[in-house]
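As stored in data.pdb (PDB, C-alpha atoms, pLDDT in the B column):
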```pdb
ATOM      1  CA  MET A 205     189.703 172.248 423.550  1.00 51.00           C
ATOM      2  CA  ALA A 206     193.382 173.129 423.747  1.00 54.00           C
ATOM      3  CA  GLY A 207     193.701 171.954 427.362  1.00 60.00           C
ATOM      4  CA  ASP A 208     192.763 168.374 426.409  1.00 71.00           C
ATOM      5  CA  ALA A 209     195.709 167.793 424.037  1.00 70.00           C
ATOM      6  CA  PRO A 210     197.907 164.872 425.113  1.00 71.00           C
ATOM      7  CA  LYS A 211     201.232 165.808 426.636  1.00 67.00           C
ATOM      8  CA  PRO A 212     204.289 164.674 424.701  1.00 63.00           C
ATOM      9  CA  LEU A 213     206.223 161.801 426.199  1.00 57.00           C
ATOM     10  CA  PRO A 214     209.623 162.710 427.641  1.00 58.00           C
ATOM     11  CA  ALA A 215     212.566 161.842 425.409  1.00 61.00           C
ATOM     12  CA  VAL A 216     214.344 158.633 426.382  1.00 58.00           C
ATOM     13  CA  THR A 217     218.015 159.434 426.731  1.00 75.00           C
ATOM     14  CA  GLU A 218     219.466 156.466 428.571  1.00 92.00           C
ATOM     15  CA  LEU A 219     219.332 152.814 427.611  1.00 96.00           C
ATOM     16  CA  GLN A 220     218.285 150.600 430.507  1.00 97.00           C
ATOM     17  CA  VAL A 221     217.821 146.894 431.120  1.00 98.00           C
ATOM     18  CA  THR A 222     214.278 146.625 432.472  1.00 97.00           C
ATOM     19  CA  GLY A 223     214.278 142.929 433.327  1.00 97.00           C
ATOM     20  CA  ILE A 224     216.262 139.716 433.378  1.00 98.00           C
ATOM     21  CA  ALA A 225     214.508 136.451 434.189  1.00 97.00           C
ATOM     22  CA  PRO A 226     214.989 134.022 435.820  1.00 97.00           C
ATOM     23  CA  LYS A 227     216.696 135.466 438.877  1.00 96.00           C
ATOM     24  CA  GLY A 228     218.296 133.787 441.891  1.00 96.00           C
ATOM     25  CA  GLU A 229     217.611 130.137 442.647  1.00 94.00           C
ATOM     26  CA  THR A 230     215.013 128.604 440.383  1.00 93.00           C
ATOM     27  CA  GLU A 231     213.516 125.119 440.311  1.00 88.00           C
ATOM     28  CA  MET A 232     213.594 124.909 436.534  1.00 84.00           C
ATOM     29  CA  ALA A 233     214.561 127.389 433.839  1.00 88.00           C
ATOM     30  CA  PRO A 234     212.947 126.701 430.458  1.00 93.00           C
ATOM     31  CA  HIS A 235     214.348 129.956 428.981  1.00 97.00           C
ATOM     32  CA  LEU A 236     216.056 133.276 429.744  1.00 98.00           C
ATOM     33  CA  THR A 237     214.655 136.695 428.828  1.00 98.00           C
ATOM     34  CA  VAL A 238     216.336 140.097 428.839  1.00 98.00           C
ATOM     35  CA  SER A 239     214.239 143.235 428.257  1.00 98.00           C
ATOM     36  CA  PHE A 240     215.299 146.784 427.441  1.00 97.00           C
ATOM     37  CA  ASN A 241     213.459 150.126 427.617  1.00 97.00           C
ATOM     38  CA  GLN A 242     214.238 150.926 423.962  1.00 95.00           C
ATOM     39  CA  PRO A 243     214.308 149.083 420.643  1.00 95.00           C
ATOM     40  CA  MET A 244     217.531 147.112 420.274  1.00 95.00           C
ATOM     41  CA  ILE A 245     216.980 145.894 416.730  1.00 93.00           C
ATOM     42  CA  PRO A 246     215.330 147.503 413.727  1.00 90.00           C
ATOM     43  CA  ILE A 247     212.060 146.180 412.403  1.00 84.00           C
ATOM     44  CA  SER A 248     213.253 143.981 409.566  1.00 74.00           C
ATOM     45  CA  SER A 249     213.044 140.501 408.113  1.00 63.00           C
ATOM     46  CA  LEU A 250     213.998 137.434 410.139  1.00 64.00           C
ATOM     47  CA  SER A 251     217.001 136.765 407.899  1.00 71.00           C
ATOM     48  CA  GLN A 252     218.386 140.217 408.764  1.00 78.00           C
ATOM     49  CA  ILE A 253     217.716 139.825 412.501  1.00 81.00           C
ATOM     50  CA  ASP A 254     219.730 136.592 412.615  1.00 79.00           C
ATOM     51  CA  LYS A 255     222.809 138.565 411.490  1.00 83.00           C
ATOM     52  CA  ILE A 256     222.610 141.114 414.332  1.00 86.00           C
ATOM     53  CA  PRO A 257     225.030 140.329 417.198  1.00 91.00           C
ATOM     54  CA  VAL A 258     223.371 139.363 420.478  1.00 95.00           C
ATOM     55  CA  PRO A 259     224.085 142.052 423.122  1.00 96.00           C
ATOM     56  CA  VAL A 260     223.894 139.595 426.045  1.00 98.00           C
ATOM     57  CA  GLN A 261     226.560 137.267 427.418  1.00 98.00           C
ATOM     58  CA  LEU A 262     225.482 134.058 429.162  1.00 98.00           C
ATOM     59  CA  ASP A 263     228.081 132.063 431.083  1.00 98.00           C
ATOM     60  CA  PRO A 264     228.042 129.112 430.774  1.00 98.00           C
ATOM     61  CA  THR A 265     226.018 128.931 427.577  1.00 97.00           C
ATOM     62  CA  PRO A 266     224.239 125.613 426.986  1.00 97.00           C
ATOM     63  CA  ALA A 267     223.292 124.521 423.476  1.00 97.00           C
ATOM     64  CA  GLY A 268     220.361 126.606 422.322  1.00 97.00           C
ATOM     65  CA  LYS A 269     219.286 129.640 420.346  1.00 96.00           C
ATOM     66  CA  TRP A 270     218.790 133.369 420.894  1.00 96.00           C
ATOM     67  CA  ARG A 271     215.706 135.001 419.385  1.00 94.00           C
ATOM     68  CA  TRP A 272     214.028 138.385 419.571  1.00 93.00           C
ATOM     69  CA  LEU A 273     210.474 138.805 420.874  1.00 93.00           C
ATOM     70  CA  GLY A 274     209.731 142.161 419.283  1.00 91.00           C
ATOM     71  CA  THR A 275     212.418 144.836 419.261  1.00 93.00           C
ATOM     72  CA  GLN A 276     213.041 145.161 423.016  1.00 96.00           C
ATOM     73  CA  THR A 277     213.103 141.632 424.462  1.00 97.00           C
ATOM     74  CA  LEU A 278     215.664 138.946 423.759  1.00 97.00           C
ATOM     75  CA  MET A 279     215.092 135.307 424.694  1.00 97.00           C
ATOM     76  CA  PHE A 280     217.534 132.416 424.963  1.00 98.00           C
ATOM     77  CA  VAL A 281     215.890 129.012 424.563  1.00 97.00           C
ATOM     78  CA  PRO A 282     218.127 126.054 425.429  1.00 97.00           C
ATOM     79  CA  ASP A 283     217.775 122.929 423.296  1.00 96.00           C
ATOM     80  CA  LYS A 284     216.174 121.117 426.265  1.00 90.00           C
ATOM     81  CA  ARG A 285     216.174 123.225 429.407  1.00 89.00           C
ATOM     82  CA  PHE A 286     218.959 124.796 431.427  1.00 94.00           C
ATOM     83  CA  PRO A 287     221.030 121.971 432.920  1.00 93.00           C
ATOM     84  CA  MET A 288     220.570 121.336 436.633  1.00 91.00           C
ATOM     85  CA  ALA A 289     223.134 122.096 439.338  1.00 93.00           C
ATOM     86  CA  THR A 290     224.547 125.082 437.479  1.00 96.00           C
ATOM     87  CA  ARG A 291     225.040 128.768 438.306  1.00 97.00           C
ATOM     88  CA  TYR A 292     224.609 131.104 435.325  1.00 98.00           C
ATOM     89  CA  LYS A 293     225.720 134.707 434.916  1.00 98.00           C
ATOM     90  CA  VAL A 294     223.912 137.024 432.511  1.00 98.00           C
ATOM     91  CA  THR A 295     225.827 140.153 431.487  1.00 98.00           C
ATOM     92  CA  ILE A 296     224.956 143.085 429.263  1.00 98.00           C
ATOM     93  CA  PRO A 297     228.179 145.089 428.802  1.00 98.00           C
ATOM     94  CA  ALA A 298     228.402 148.848 429.328  1.00 98.00           C
ATOM     95  CA  GLY A 299     228.321 150.625 425.984  1.00 97.00           C
ATOM     96  CA  THR A 300     225.722 148.267 424.480  1.00 97.00           C
ATOM     97  CA  LYS A 301     223.731 150.426 422.041  1.00 96.00           C
ATOM     98  CA  ALA A 302     220.048 150.669 421.159  1.00 96.00           C
ATOM     99  CA  VAL A 303     218.837 151.300 417.618  1.00 93.00           C
ATOM    100  CA  GLY A 304     218.546 155.031 418.406  1.00 93.00           C
ATOM    101  CA  GLY A 305     222.207 155.184 419.449  1.00 94.00           C
ATOM    102  CA  GLN A 306     221.670 155.424 423.216  1.00 96.00           C
ATOM    103  CA  ALA A 307     224.254 153.410 425.148  1.00 96.00           C
ATOM    104  CA  LEU A 308     224.021 151.417 428.361  1.00 97.00           C
ATOM    105  CA  ALA A 309     225.891 153.559 430.903  1.00 96.00           C
ATOM    106  CA  LYS A 310     227.081 150.693 433.101  1.00 97.00           C
ATOM    107  CA  GLU A 311     227.179 146.930 432.859  1.00 98.00           C
ATOM    108  CA  ALA A 312     224.016 145.109 433.896  1.00 98.00           C
ATOM    109  CA  ALA A 313     224.494 141.651 435.382  1.00 98.00           C
ATOM    110  CA  GLN A 314     222.433 139.072 437.205  1.00 98.00           C
ATOM    111  CA  GLU A 315     222.847 135.456 438.238  1.00 98.00           C
ATOM    112  CA  PHE A 316     220.508 132.528 438.473  1.00 98.00           C
ATOM    113  CA  SER A 317     221.033 128.915 439.388  1.00 97.00           C
ATOM    114  CA  THR A 318     219.332 125.604 438.927  1.00 95.00           C
ATOM    115  CA  PRO A 319     219.164 123.215 441.890  1.00 92.00           C
ATOM    116  CA  PRO A 320     221.481 120.245 442.297  1.00 88.00           C
ATOM    117  CA  LEU A 321     220.118 116.800 441.637  1.00 78.00           C
ATOM    118  CA  HIS A 322     218.878 114.964 444.706  1.00 75.00           C
ATOM    119  CA  MET A 323     217.772 111.421 445.321  1.00 77.00           C
ATOM    120  CA  THR A 324     214.257 110.579 446.280  1.00 78.00           C
ATOM    121  CA  THR A 325     213.121 107.259 447.650  1.00 72.00           C
TER
END
```
Show the structure stored in the file as structure tokens.
Amino acid sequence: MAGDAPKPLPAVTELQVTGIAPKGETEMAPHLTVSFNQPMIPISSLSQIDKIPVPVQLDPTPAGKWRWLGTQTLMFVPDKRFPMATRYKVTIPAGTKAVGGQALAKEAAQEFSTPPLHMTT
């Protein structure tokens, strides 16, 4: 039946950041994730992935490591956890490119913060 054929998906023309977490004030941040709507790295060996520049800026950046979860999600895992009493800014610059060559039209940015220490009795 010709009418039952699946419709082709529309072509993706614009790179977008689909999620950044955590966001806003958070009690504890064990890691940071940034997701895109398109593949950002090719499917390759881990040794090749480690050589690809990370397209995300984190300020301040605690000791830790960036790693890819598939081809569209990047995760930063601090050595312990994100230090307390700190405001962080996550930025993905305009012009960042996906594997297919599509570029991020405008900068994507978001902030999150960890609570200050407080005394308990």
Q: Please write as a VMD selection string the full residue list that the PyMOL selection byres ((chain A and resi 299) around 9) yields on this file.
A: chain A and resid 296 to 298 300 to 301 306 to 311
Just the residues within 9 Å of Thr222 of chain A, please, counting all atoms listed in the file, with nothing from its chain fewer than 6 positions along; format it as a PDB file with C-alpha atoms, in the coordinates of the input.
```pdb
ATOM      1  CA  VAL A 238     216.336 140.097 428.839  1.00 98.00           C
ATOM      2  CA  SER A 239     214.239 143.235 428.257  1.00 98.00           C
ATOM      3  CA  PHE A 240     215.299 146.784 427.441  1.00 97.00           C
ATOM      4  CA  ASN A 241     213.459 150.126 427.617  1.00 97.00           C
TER       5      ASN A 241
END
```
Q | Residue with smallest distance to Ile256 of chain A - pool A:Val294, A:Val303, A:Ala313, A:Leu219, counting only C-alpha atoms | A | A:Val303
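Proximity ranking of A:Pro210, A:Pro287, A:Gly304, A:Pro259 relative to Pro234 of chain A places A:Pro287 first, based on all atoms listed in the file.
Counting from atom CA of Leu273 of chain A, the distance to atom CA of Thr318 of chain A is 24.1 Å.
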Q: One decimal, Å: what's the distance from atom CA of Ala233 of chain A over to atom CA of Arg271 of chain A, could you say?
A: 16.4 Å
(Q) Please list as number ranges by chain every residue within 12 Å of Ala225 of chain A, counting all atoms listed in the file and excluding residues in the same chain fewer than 3 positions away. (A) A: 221-222, 228-230, 232-239, 277-280, 292-294, 313-317
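Shortest separation to Trp272 of chain A among A:Val260, A:Thr295, A:Ile253, A:Arg285 occurs at residue A:Ile253, atoms counted being all atoms listed in the file.
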Q) Exactly which residues make up the result of the PyMOL selection byres ((chain A and resi 247) around 12) on this file, given as a ChimeraX atom specification? A) /A:243-246,248-253,256,272-276,303
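If all atoms listed in the file are the atoms counted, then among A:Leu321, A:Ala267, A:Ala312, A:Ala302 the closest residue to Met288 of chain A is A:Leu321.
Note that atom CA of Thr325 of chain A and atom CA of Lys284 of chain A are 25.7 Å apart.
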Segment 293-311 of chain A, all listed atoms, 5 Å padding on each side: what axis-aligned box centre and edge lengths in Å to one decimal come out, as JSON?
```
{"center_x": 223.5, "center_y": 145.1, "center_z": 426.3, "size_x": 19.9, "size_y": 30.7, "size_z": 27.3}
```
Q: Check what the PyMOL selection byres ((chain A and resi 269) around 6) selects in the file above and give those residues as a PyMOL selection string.
A: chain A and resi 268+270+280-281
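Of the listed residues A:His322, A:Arg291, A:Pro266, A:Lys255, the one whose atoms come nearest to Lys227 of chain A is A:Arg291, with distances taken using only C-alpha atoms.
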